[in-house]
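Content type mmCIF, C-alpha atoms and all ligand atoms, from the file data-v6.cif:
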```
data_start
loop_
_atom_site.label_atom_id
_atom_site.label_comp_id
_atom_site.auth_asym_id
_atom_site.auth_seq_id
_atom_site.Cartn_x
_atom_site.Cartn_y
_atom_site.Cartn_z
CA MET A 295 110.29 97.40 122.20
CA SER A 296 109.63 94.57 124.60
CA ARG A 297 108.33 95.64 128.00
CA SER A 298 109.07 94.05 131.36
CA SER A 299 105.88 92.53 132.74
CA GLY A 300 107.13 92.32 136.31
CA ARG A 301 106.52 88.56 136.32
CA LYS A 302 109.04 86.21 137.93
CA GLY A 303 109.67 82.49 137.48
CA SER A 304 110.44 81.28 133.99
CA LEU A 305 111.45 84.81 133.01
CA ALA A 306 114.56 84.68 135.18
CA TYR A 307 117.78 84.41 133.20
CA PRO A 308 118.88 80.73 133.44
CA SER A 309 121.51 80.27 136.15
CA ARG A 310 122.64 77.12 134.33
CA PRO A 311 122.33 76.34 130.66
CA LEU A 312 118.99 74.88 129.57
CA SER A 313 119.29 71.30 128.43
CA ARG A 314 119.34 70.84 124.65
CA PRO A 315 115.89 69.19 124.60
CA GLN A 316 114.46 71.97 126.79
CA LEU A 317 115.84 74.60 124.44
CA ALA A 318 114.64 72.74 121.37
CA ALA A 319 111.15 72.44 122.84
CA ARG A 320 111.02 76.13 123.72
CA LEU A 321 112.10 77.18 120.22
CA ARG A 322 109.71 74.73 118.56
CA GLN A 323 106.85 76.13 120.58
CA ALA A 324 107.73 79.71 119.65
CA ARG A 325 108.03 78.89 115.98
CA LYS A 326 104.69 77.09 116.07
CA GLU A 327 103.05 80.25 117.41
CA ASP A 328 104.54 82.27 114.54
CA TRP A 329 102.71 82.29 111.24
CA ASP A 330 104.20 80.28 108.38
CA TYR A 331 104.00 81.68 104.83
CA ARG A 332 103.82 78.14 103.47
CA ARG A 333 100.25 77.74 104.69
CA GLY A 334 99.19 80.38 102.18
CA THR A 335 97.09 82.23 104.75
CA ILE A 336 99.09 85.47 104.83
CA PHE A 337 97.68 88.24 102.61
CA GLY A 338 98.88 91.18 104.68
CA SER A 339 102.65 90.84 104.40
CA MET A 340 105.12 92.23 101.91
CA CYS A 341 107.56 89.45 102.69
CA THR A 342 107.34 85.80 101.72
CA GLN A 343 108.90 82.37 102.09
CA PRO A 344 112.53 82.85 100.99
CA MET A 345 114.28 80.46 98.64
CA GLU A 346 115.60 77.44 100.51
CA GLU A 347 119.00 77.80 98.85
CA ALA A 348 119.25 81.37 100.09
CA VAL A 349 118.52 80.29 103.65
CA ARG A 350 121.17 77.56 103.39
CA ALA A 351 123.68 80.01 101.93
CA ALA A 352 123.48 82.18 105.05
CA ARG A 353 124.64 79.48 107.50
CA PRO A 354 128.41 79.47 106.77
CA PHE A 355 128.48 83.28 106.90
CA VAL A 356 126.72 83.91 110.21
CA THR A 357 130.05 84.36 111.98
CA ALA A 358 131.37 86.92 109.48
CA ASN A 359 131.05 90.69 109.96
CA LEU A 360 131.22 92.77 106.81
CA GLY A 361 131.44 95.84 109.05
CA ASN A 362 135.16 95.04 109.10
CA PRO A 363 135.56 94.40 105.37
CA GLY A 364 139.30 93.71 105.55
CA LEU A 365 138.47 90.49 107.36
CA CYS A 366 135.75 89.59 104.87
CA PRO A 367 137.21 90.13 101.41
CA GLY A 368 135.10 87.23 100.19
CA THR A 369 131.78 88.71 101.30
CA ALA A 370 132.92 92.15 100.20
CA ARG A 371 133.35 90.72 96.69
CA LEU A 372 129.90 89.13 96.83
CA GLU A 373 128.42 92.49 97.82
CA GLU A 374 130.25 94.22 95.00
CA GLU A 375 128.96 91.69 92.46
CA LEU A 376 125.43 91.99 93.81
CA VAL A 377 125.55 95.77 93.54
CA ARG A 378 126.76 95.45 89.91
CA TRP A 379 123.89 93.08 89.10
CA LEU A 380 121.36 95.44 90.61
CA LEU A 381 122.85 98.49 88.87
CA GLU A 382 122.57 96.65 85.58
CA LEU A 383 118.96 95.64 86.31
CA PHE A 384 118.07 99.24 87.20
CA HIS A 385 119.97 100.82 84.27
CA GLY A 386 122.64 102.49 86.37
CA PRO A 387 125.34 104.43 84.53
CA ARG A 388 128.51 102.51 83.70
CA PHE A 389 130.77 104.85 85.63
CA GLY A 390 130.43 106.40 89.03
CA ALA A 391 127.46 104.40 90.29
CA GLY A 392 127.57 102.16 93.35
CA GLY A 393 125.76 101.09 96.46
CA SER A 394 125.52 98.61 99.27
CA ILE A 395 123.47 95.83 100.77
CA VAL A 396 121.55 96.96 103.84
CA THR A 397 118.92 95.50 106.14
CA GLY A 398 115.83 96.69 104.28
CA GLY A 399 113.84 99.65 103.05
CA THR A 400 114.02 101.57 106.32
CA GLU A 401 117.81 101.62 106.39
CA ALA A 402 118.00 102.34 102.65
CA ASN A 403 115.57 105.27 102.81
CA LEU A 404 117.19 106.73 105.92
CA THR A 405 120.67 106.46 104.43
CA ALA A 406 119.57 107.99 101.11
CA LEU A 407 118.10 111.01 102.90
CA TRP A 408 121.14 111.30 105.14
CA VAL A 409 123.36 111.53 102.04
CA ALA A 410 120.98 113.91 100.23
CA ARG A 411 120.85 116.22 103.24
CA ASN A 412 124.61 116.29 103.72
CA VAL A 413 125.33 116.91 100.04
CA SER A 414 122.67 119.60 99.59
CA GLY A 415 122.52 121.30 102.97
CA GLY A 416 118.75 121.37 102.44
CA THR A 417 116.26 121.16 105.30
CA GLU A 418 113.08 119.93 103.59
CA VAL A 419 111.92 116.79 101.81
CA VAL A 420 109.14 116.69 99.22
CA LEU A 421 107.26 113.40 99.49
CA PRO A 422 103.86 111.95 98.63
CA ARG A 423 101.26 111.07 101.27
CA SER A 424 101.69 107.46 100.14
CA ALA A 425 105.33 107.29 101.31
CA HIS A 426 106.17 104.51 103.77
CA PHE A 427 106.45 105.41 107.47
CA SER A 428 110.19 104.74 107.34
CA PHE A 429 110.45 108.27 105.89
CA VAL A 430 108.70 109.70 108.93
CA LYS A 431 111.38 108.10 111.10
CA ALA A 432 114.18 109.28 108.80
CA LEU A 433 112.91 112.88 108.74
CA ASP A 434 112.68 112.90 112.52
CA LEU A 435 116.19 111.50 112.96
CA LEU A 436 117.70 113.87 110.40
CA SER A 437 115.73 116.94 111.54
CA LEU A 438 114.28 117.39 108.07
CA LYS A 439 110.87 118.92 107.46
CA PRO A 440 108.30 117.12 105.31
CA ARG A 441 106.50 118.87 102.45
CA TRP A 442 103.67 116.39 101.88
CA ILE A 443 102.25 116.05 98.36
CA PRO A 444 98.70 114.79 97.86
CA VAL A 445 98.10 111.70 95.75
CA ASP A 446 95.61 111.20 92.90
CA SER A 447 92.70 108.73 92.89
CA LYS A 448 95.10 105.92 91.98
CA GLY A 449 97.36 106.74 94.92
CA ARG A 450 100.14 108.38 92.87
CA SER A 451 102.10 111.53 93.67
CA ILE A 452 100.91 114.60 91.74
CA PRO A 453 103.94 116.16 89.96
CA HIS A 454 102.62 119.71 89.59
CA LYS A 455 102.02 119.81 93.35
CA ALA A 456 105.56 118.53 93.88
CA ALA A 457 106.86 121.25 91.53
CA ARG A 458 105.31 123.89 93.76
CA ALA A 459 106.80 122.39 96.92
CA ILE A 460 110.40 122.33 95.62
CA THR A 461 112.37 125.32 96.90
CA ARG A 462 115.97 126.30 97.64
CA LYS A 463 115.56 124.47 100.95
CA THR A 464 114.77 121.10 99.32
CA ALA A 465 117.20 118.34 100.28
CA ALA A 466 115.40 115.62 98.31
CA VAL A 467 112.28 114.63 96.44
CA ILE A 468 110.86 111.14 97.05
CA ALA A 469 109.16 109.00 94.42
CA VAL A 470 107.46 105.74 95.41
CA ALA A 471 107.63 102.91 92.89
CA GLY A 472 105.17 100.41 94.36
CA SER A 473 103.49 101.98 97.40
CA THR A 474 102.96 100.04 100.60
CA GLU A 475 99.20 100.41 100.71
CA LEU A 476 98.09 100.25 97.07
CA GLY A 477 101.17 99.26 95.06
CA ALA A 478 100.88 102.60 93.27
CA VAL A 479 103.74 103.71 91.04
CA ASP A 480 104.43 107.45 91.05
CA PRO A 481 105.00 109.26 87.72
CA VAL A 482 108.75 109.02 88.21
CA GLU A 483 109.50 110.31 84.71
CA GLU A 484 107.86 113.66 85.46
CA LEU A 485 109.37 113.84 88.94
CA SER A 486 112.76 113.11 87.41
CA GLU A 487 112.42 116.08 85.06
CA LEU A 488 111.45 118.33 87.95
CA ALA A 489 114.41 117.12 90.00
CA LEU A 490 116.81 117.68 87.10
CA GLU A 491 115.51 121.18 86.50
CA ALA A 492 115.78 122.12 90.17
CA GLY A 493 119.07 120.28 90.65
CA VAL A 494 117.75 118.28 93.63
CA HIS A 495 118.25 114.69 94.74
CA LEU A 496 115.46 112.34 93.62
CA HIS A 497 115.27 109.15 95.69
CA VAL A 498 113.09 106.33 94.38
CA ASP A 499 111.65 103.98 96.97
CA ALA A 500 111.31 100.77 94.97
CA ALA A 501 111.58 98.63 98.12
CA PHE A 502 108.50 96.71 97.04
CA GLY A 503 108.27 97.44 93.31
CA GLY A 504 111.94 96.94 92.46
CA PHE A 505 111.62 93.30 91.46
CA VAL A 506 108.24 93.82 89.80
CA LEU A 507 108.54 96.89 87.61
CA PRO A 508 111.54 95.79 85.46
CA PHE A 509 109.50 92.77 84.30
CA LEU A 510 106.03 94.21 83.71
CA LYS A 511 106.34 93.99 79.93
CA GLU A 512 107.28 90.30 80.05
CA ALA A 513 104.25 89.77 82.29
CA GLY A 514 101.99 91.32 79.66
CA ARG A 515 101.64 94.76 81.24
CA GLU A 516 102.76 98.23 80.29
CA TYR A 517 106.31 99.11 81.37
CA LEU A 518 106.50 102.07 83.75
CA PRO A 519 109.86 103.86 83.85
CA PHE A 520 111.14 104.30 87.41
CA ASP A 521 114.89 103.68 87.58
CA PHE A 522 118.27 105.19 86.64
CA SER A 523 117.23 105.20 82.96
CA LEU A 524 115.62 108.48 84.05
CA GLU A 525 118.43 111.04 84.30
CA GLY A 526 117.02 112.76 87.39
CA VAL A 527 117.01 109.65 89.60
CA SER A 528 119.86 109.98 92.11
CA SER A 529 119.29 106.96 94.34
CA LEU A 530 117.07 103.90 94.55
CA ALA A 531 116.05 101.50 97.31
CA VAL A 532 115.01 97.91 96.60
CA ASP A 533 114.32 95.05 99.03
CA PRO A 534 115.44 91.55 98.06
CA HIS A 535 113.56 90.28 101.15
CA LYS A 536 110.25 91.32 99.62
CA LEU A 537 110.07 89.90 96.08
CA GLY A 538 113.70 88.88 95.57
CA GLY A 539 113.60 85.47 97.26
CA ALA A 540 116.02 86.51 100.02
CA PRO A 541 115.43 85.89 103.72
CA VAL A 542 115.00 88.88 106.06
CA PRO A 543 116.77 91.20 106.48
CA SER A 544 117.88 92.29 103.05
CA GLY A 545 117.75 95.64 101.30
CA ALA A 546 119.85 97.42 98.73
CA LEU A 547 120.66 101.09 98.28
CA LEU A 548 122.05 102.29 94.96
CA PHE A 549 123.46 105.69 93.99
CA ARG A 550 123.96 107.21 90.54
CA GLU A 551 127.06 108.93 91.93
CA VAL A 552 128.30 106.85 94.80
CA LYS A 553 130.95 109.44 95.71
CA GLU A 554 128.09 111.45 97.24
CA ALA A 555 127.88 108.76 99.93
CA GLY A 556 131.26 110.04 101.13
CA SER A 557 129.23 112.76 102.85
CA ILE A 558 128.19 110.28 105.58
CA SER A 559 131.60 108.69 105.92
CA VAL A 560 133.27 108.57 109.33
CA ASP A 561 136.85 107.62 110.24
CA SER A 562 137.28 104.12 111.63
CA PRO A 563 140.96 104.13 112.51
CA TYR A 564 141.11 100.80 114.31
CA LEU A 565 139.26 98.82 111.64
CA SER A 566 140.72 97.22 108.55
CA SER A 567 139.31 100.07 106.44
CA PRO A 568 140.12 103.71 107.21
CA ALA A 569 136.51 104.92 106.93
CA VAL A 570 132.97 103.58 107.22
CA THR A 571 130.16 104.72 104.92
CA ALA A 572 127.16 102.98 106.43
CA LEU A 573 124.62 103.43 109.19
CA LEU A 574 125.41 100.09 110.79
CA GLY A 575 128.71 99.19 112.39
CA THR A 576 128.52 95.43 112.52
CA ARG A 577 127.04 94.24 109.24
CA PRO A 578 125.93 90.65 108.80
CA SER A 579 127.78 88.93 105.95
CA ALA A 580 125.04 86.30 106.11
CA ASN A 581 122.43 88.50 104.48
CA VAL A 582 124.82 89.37 101.66
CA ALA A 583 125.51 85.68 101.01
CA ALA A 584 121.81 84.80 101.23
CA THR A 585 120.82 87.64 98.91
CA PHE A 586 123.53 86.64 96.47
CA ALA A 587 122.23 83.08 96.46
CA ALA A 588 118.62 84.19 96.06
CA LEU A 589 119.25 86.48 93.10
CA ALA A 590 121.72 84.06 91.52
CA ARG A 591 119.11 81.30 91.57
CA MET A 592 116.25 83.60 90.64
CA GLY A 593 117.62 85.37 87.56
CA ARG A 594 115.40 87.43 85.30
CA SER A 595 113.40 84.34 84.30
CA GLY A 596 112.61 83.57 87.94
CA HIS A 597 111.30 87.09 88.56
CA ILE A 598 109.14 86.89 85.44
CA ARG A 599 107.67 83.54 86.47
CA THR A 600 106.94 84.80 89.99
CA LEU A 601 105.41 87.99 88.66
CA ARG A 602 103.07 86.20 86.26
CA GLN A 603 101.83 84.04 89.10
CA VAL A 604 101.21 86.86 91.57
CA LEU A 605 99.63 89.17 88.97
CA ALA A 606 97.22 86.44 87.83
CA LEU A 607 96.13 85.74 91.42
CA THR A 608 95.81 89.47 92.13
CA GLN A 609 93.47 89.78 89.15
CA ARG A 610 91.49 86.81 90.38
CA ILE A 611 90.94 88.44 93.78
CA ALA A 612 90.03 91.73 92.09
CA ASP A 613 87.45 89.99 89.86
CA GLU A 614 85.93 87.78 92.54
CA GLY A 615 85.84 90.61 95.07
CA GLN A 616 83.85 92.73 92.63
CA ARG A 617 81.50 89.82 92.04
CA MET A 618 80.87 89.85 95.81
CA GLY A 619 79.83 93.48 95.56
CA LEU A 620 83.13 95.02 96.63
CA GLU A 621 84.45 98.14 94.91
CA LEU A 622 88.12 98.43 93.96
CA VAL A 623 89.92 101.46 95.40
CA THR A 624 91.74 101.50 92.05
CA ASP A 625 92.69 98.96 89.40
CA PRO A 626 95.71 97.14 90.83
CA MET A 627 98.92 98.37 89.23
CA ILE A 628 100.93 95.47 90.64
CA ASN A 629 100.33 92.61 93.11
CA ILE A 630 98.33 94.53 95.70
CA VAL A 631 94.56 94.91 95.56
CA ALA A 632 92.33 96.99 97.84
CA PHE A 633 88.54 97.19 98.18
CA ARG A 634 86.53 99.95 99.81
CA HIS A 635 84.76 98.97 103.00
CA ARG A 636 83.08 101.02 105.71
CA ASN A 637 84.57 98.82 108.44
CA PRO A 638 87.83 97.27 107.23
CA ALA A 639 89.12 96.64 110.75
CA GLY A 640 85.97 94.62 111.54
CA VAL A 641 86.40 92.44 108.45
CA GLN A 642 90.08 92.06 109.22
CA ALA A 643 89.24 90.82 112.73
CA GLU A 644 86.63 88.37 111.39
CA MET A 645 89.05 87.05 108.79
CA LEU A 646 91.72 86.65 111.47
CA ARG A 647 89.29 84.54 113.48
CA LYS A 648 89.03 82.28 110.43
CA GLY A 649 92.81 82.05 110.19
CA TRP A 650 93.56 84.69 107.53
CA ASP A 651 95.94 87.61 107.74
CA VAL A 652 94.53 90.48 105.67
CA SER A 653 95.16 94.16 106.25
CA ALA A 654 93.05 97.25 106.61
CA ILE A 655 93.74 100.71 105.21
CA ARG A 656 92.32 103.73 106.98
CA GLU A 657 92.32 106.26 104.13
CA PRO A 658 90.32 105.42 102.08
CA GLY A 659 88.77 102.81 104.38
CA SER A 660 89.55 99.55 102.61
CA LEU A 661 90.65 95.95 102.79
CA ARG A 662 94.05 95.23 101.35
CA PHE A 663 95.45 92.01 99.90
CA VAL A 664 99.14 91.66 99.12
CA VAL A 665 99.56 88.70 96.79
CA MET A 666 103.00 87.27 97.42
CA PRO A 667 104.62 84.13 95.96
CA HIS A 668 103.53 81.96 98.91
CA VAL A 669 99.89 82.54 97.92
CA THR A 670 98.48 79.74 95.76
CA GLU A 671 95.35 79.28 93.66
CA GLU A 672 94.05 76.92 96.28
CA SER A 673 94.66 79.33 99.16
CA VAL A 674 93.05 82.18 97.21
CA ALA A 675 89.97 80.05 96.60
CA ARG A 676 89.69 79.16 100.30
CA MET A 677 90.28 82.76 101.37
CA LEU A 678 87.61 84.06 98.98
CA ARG A 679 85.08 81.55 100.33
CA ASP A 680 85.66 82.81 103.88
CA LEU A 681 85.63 86.43 102.73
CA ARG A 682 82.23 85.90 101.12
CA THR A 683 80.88 84.55 104.42
CA VAL A 684 82.36 87.40 106.44
CA LEU A 685 80.97 90.02 104.04
CA ARG A 686 77.47 88.63 104.47
CA GLY A 687 77.62 89.73 108.11
CA SER A 688 79.52 92.90 107.29
CA PRO A 689 78.56 94.33 103.90
CA PRO A 690 80.83 97.00 102.37
CA ASN A 691 78.39 99.92 102.60
CA GLY A 692 76.33 99.39 105.68
N1 LIG B 701 109.36 101.25 101.48
C1 LIG B 701 108.23 100.60 101.15
C2 LIG B 701 107.51 100.98 99.88
C3 LIG B 701 107.75 99.57 101.98
O1 LIG B 701 106.62 98.94 101.67
C4 LIG B 701 108.49 99.24 103.15
C5 LIG B 701 108.04 98.16 104.09
C6 LIG B 701 109.66 99.95 103.45
C7 LIG B 701 110.06 100.95 102.59
C8 LIG B 701 110.48 99.64 104.66
O2 LIG B 701 111.10 98.44 104.48
P1 LIG B 701 111.61 97.52 105.69
O3 LIG B 701 110.39 97.15 106.48
O4 LIG B 701 112.25 96.39 104.98
O5 LIG B 701 112.57 98.31 106.47
N2 LIG B 701 106.80 97.59 103.88
C9 LIG B 701 106.17 96.61 104.74
C10 LIG B 701 105.21 97.31 105.69
O6 LIG B 701 105.63 98.20 106.45
C11 LIG B 701 107.12 95.77 105.54
C12 LIG B 701 106.46 94.53 106.05
C13 LIG B 701 106.81 93.31 105.53
C14 LIG B 701 105.54 94.54 107.06
C15 LIG B 701 106.26 92.13 106.00
C16 LIG B 701 104.95 93.38 107.52
C17 LIG B 701 105.31 92.17 106.97
O7 LIG B 701 104.74 91.01 107.42
O8 LIG B 701 104.05 96.97 105.65
#
```
Please go through the file and, once you have read it, give me the structure as structure tokens.
Ligand code: 0PR
Amino acid sequence: MSRSSGRKGSLAYPSRPLSRPQLAARLRQARKEDWDYRRGTIFGSMCTQPMEEAVRAARPFVTANLGNPGLCPGTARLEEELVRWLLELFHGPRFGAGGSIVTGGTEANLTALWVARNVSGGTEVVLPRSAHFSFVKALDLLSLKPRWIPVDSKGRSIPHKAARAITRKTAAVIAVAGSTELGAVDPVEELSELALEAGVHLHVDAAFGGFVLPFLKEAGREYLPFDFSLEGVSSLAVDPHKLGGAPVPSGALLFREVKEAGSISVDSPYLSSPAVTALLGTRPSANVAATFAALARMGRSGHIRTLRQVLALTQRIADEGQRMGLELVTDPMINIVAFRHRNPAGVQAEMLRKGWDVSAIREPGSLRFVVMPHVTEESVARMLRDLRTVLRGSPPNG
């Protein structure tokens, strides 16, 4: 939330329109203050420079509102096609599955839990400590109680602990496929079996990992099952604005049985459709068009190429960091690497002074690097040089 500072002057709402040059100057200045992925200095973000074609695709659609789908049959078709593509990528069943394009992981996770709660009547959610904070918001909004599951040394949910937490009150179990802090992938196969046995909703948060995990084999790594190929998976969230080449905001929420989403449906008598099954009212067609363009131009080969690049650079940071005396929290499973440090916030601040955005994790105290497609070999080399200097003044153990 933005807070009023009590200042006057330039903060008054313009009584007459600003001139075009004045406006342009103001916007240019603001954009200059913002960070730009293209400089390669951002290692703390899970988003990246979107594909230019995707950005261009949004422009003609910015006036369209998919919240009134009768007026946007064109964008509605694009959304339908996108959902089919994603269901195919994530091994959705041929019949009964469906989903929608949303604004990101937060909306997808909230909506999934909303549906799971309404279908089950449950009051509790079983989720690992590694789950993104969007779940904390969702649980609060939906008056659901968390049953937190500890994670193992690699940051993954521990299934036998989850098994003990599942009761008749369980509305859903959460699996994280690519965690925010460590990129850890939960043992979704085992969680899926538990969910099937107990007859509870299993929601997979693949917001970050969704465009990584399907391609691990092609990138020379072991494939980790996480999607609808596992019978117990009921819903899945994936964010095209993270590794899908789409501009923000773009998320997708998919259901094995989309009829369950009817449980959040409300009547919308004055719209072109009789009912609405979405959190948002007004829904930007532009993000559907942009996401369509991004995935259309990416294709499986584009994801594989991107993944090879980011995994190679992740490995390079892991290797060089260890050569500097840093200890890995765990071997990186995907394109996130973290090193233990007694004062991560201090190193983060020093790195920021040198122009780098890196992040700090509190538990276990560590420095975290998210290696996104805007990161290049050259920017990694420069970053590592500065990191080496900073670590001389602030060694990992004291
Ligand atoms: N699930 C997972 C696993 C996530 O990592 C995130 C966001 C979400 C859900 C929520 O997604 P939305 O933020 O799209 O609603 N992870 C990043 C984070 O919180 C989001 C982010 C991206 C933050 C870019 C900063 C940034 O520069 O760190």
4 Å per side around ligand LIG 701 (chain B): axis-aligned box centre and edge lengths, as JSON:
```
{"center_x": 108.3, "center_y": 96.1, "center_z": 103.7, "size_x": 16.5, "size_y": 18.2, "size_z": 15.6}
```
Report task. May I have the residues within 6 Å of ligand LIG 701 (chain B), computed using all atoms listed in the file, as JSON, numbers by chain? Result -> {"A": [339, 340, 341, 398, 399, 400, 426, 428, 473, 474, 499, 501, 502]}
Query raised in the report: Nearest to Arg682 in chain A among A:Ile611, A:Ala632, A:Val356, A:Val669, with distances taken over all atoms listed in the file: which residue is it?
Result: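 Ranking A:Ile611, A:Ala632, A:Val356, A:Val669 by distance to Arg682 in chain A, first place goes to A:Ile611.
With all atoms listed in the file as the atoms that count, the residue of A:Asn359, A:Val494, A:Phe520, A:Val542 with the shortest distance to Gln343 in chain A is A:Val542.
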Report summary line: As a check of understanding: the span from CA of Gly545 in chain A to CA of Arg332 in chain A is 22.5 Å
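Take the candidates A:Glu491, A:Thr342, A:Gly503, A:Leu433 and check each one against Leu518 in chain A using all atoms listed in the file; the shortest distance goes to A:Gly503.
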Report task. Calculate how many Å separate CA of Pro354 in chain A from CA of Ala370 in chain A, rounding to one decimal. Result -> 15.0 Å
Query raised in the report: Any idea what's packed within 10 Å of Glu551 in chain A, counting all atoms listed in the file, ignoring anything in its chain fewer than 2 positions away? Could you give it as a ChimeraX atom specification?
Result: /A:386-387,389-393,528-529,548-549,553-555
Contacts of Ser579 in chain A at 6 Å (all atoms listed in the file; same-chain gap of 3+ positions) as a compact mmCIF listing (two decimals) with C-alpha atoms, in the frame of the given file:
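Output contents, as saved in result11.txt:
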```
# COMPACT_ATOMS: atom_id res chain seq x y z
CA PHE A 355 128.48 83.28 106.90
CA ALA A 358 131.37 86.92 109.48
CA ASN A 359 131.05 90.69 109.96
CA LEU A 360 131.22 92.77 106.81
CA VAL A 582 124.82 89.37 101.66
```
Report summary line: From the list A:Gly415, A:Pro689, A:Pro667, A:Gly539, the nearest residue to Val641 in chain A using all atoms listed in the file is A:Pro689
Requested in this report: Write out as a list in words the residues lying within 8 Å of Thr571 in chain A, counting all atoms listed in the file and excluding same-chain residues fewer than 4 positions away.
Outcome: Ala555, Gly556, Ile558, Ser559 and Val560 of chain A
Requested in this report: Point out the residue among A:Thr405, A:Ser566, A:Thr585, A:Asn629 with the least atom-to-atom distance to Val506 in chain A, counting all atoms listed in the file.
Outcome: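 Under the stated criterion, the closest residue is A:Asn629.
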Report summary line: Students should find that CA of Ala588 in chain A and CA of Glu347 in chain A are spaced 7.0 Å
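For Val527 in chain A, the list of residues within 10 Å, based on all atoms listed in the file and with local chain neighbours fewer than 5 positions off taken out, reads Gly386, Val467, Ile468, Ala469, Val482, Glu483, Leu485, Ser486, Glu487, Ala489, Leu490, Val494, His495, Leu496, His497, Val498, Phe520, Asp521, Phe522, Phe549 and Arg550 of chain A.
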Query raised in the report: Nearest to Gln642 in chain A: which of A:Gly338, A:Tyr331, A:Ala580, A:Gly477 is it, counting all atoms listed in the file?
Result: A:Gly338
Report task. Fewer than 6 positions away in the same chain doesn't count, so skip those; otherwise give me all residues within 9 Å of range 597-604 of chain A, counting all atoms listed in the file, as a PyMOL selection string. Result -> chain A and resi 505-506+509-510+512-514+537-538+628-629+665-667+669-670
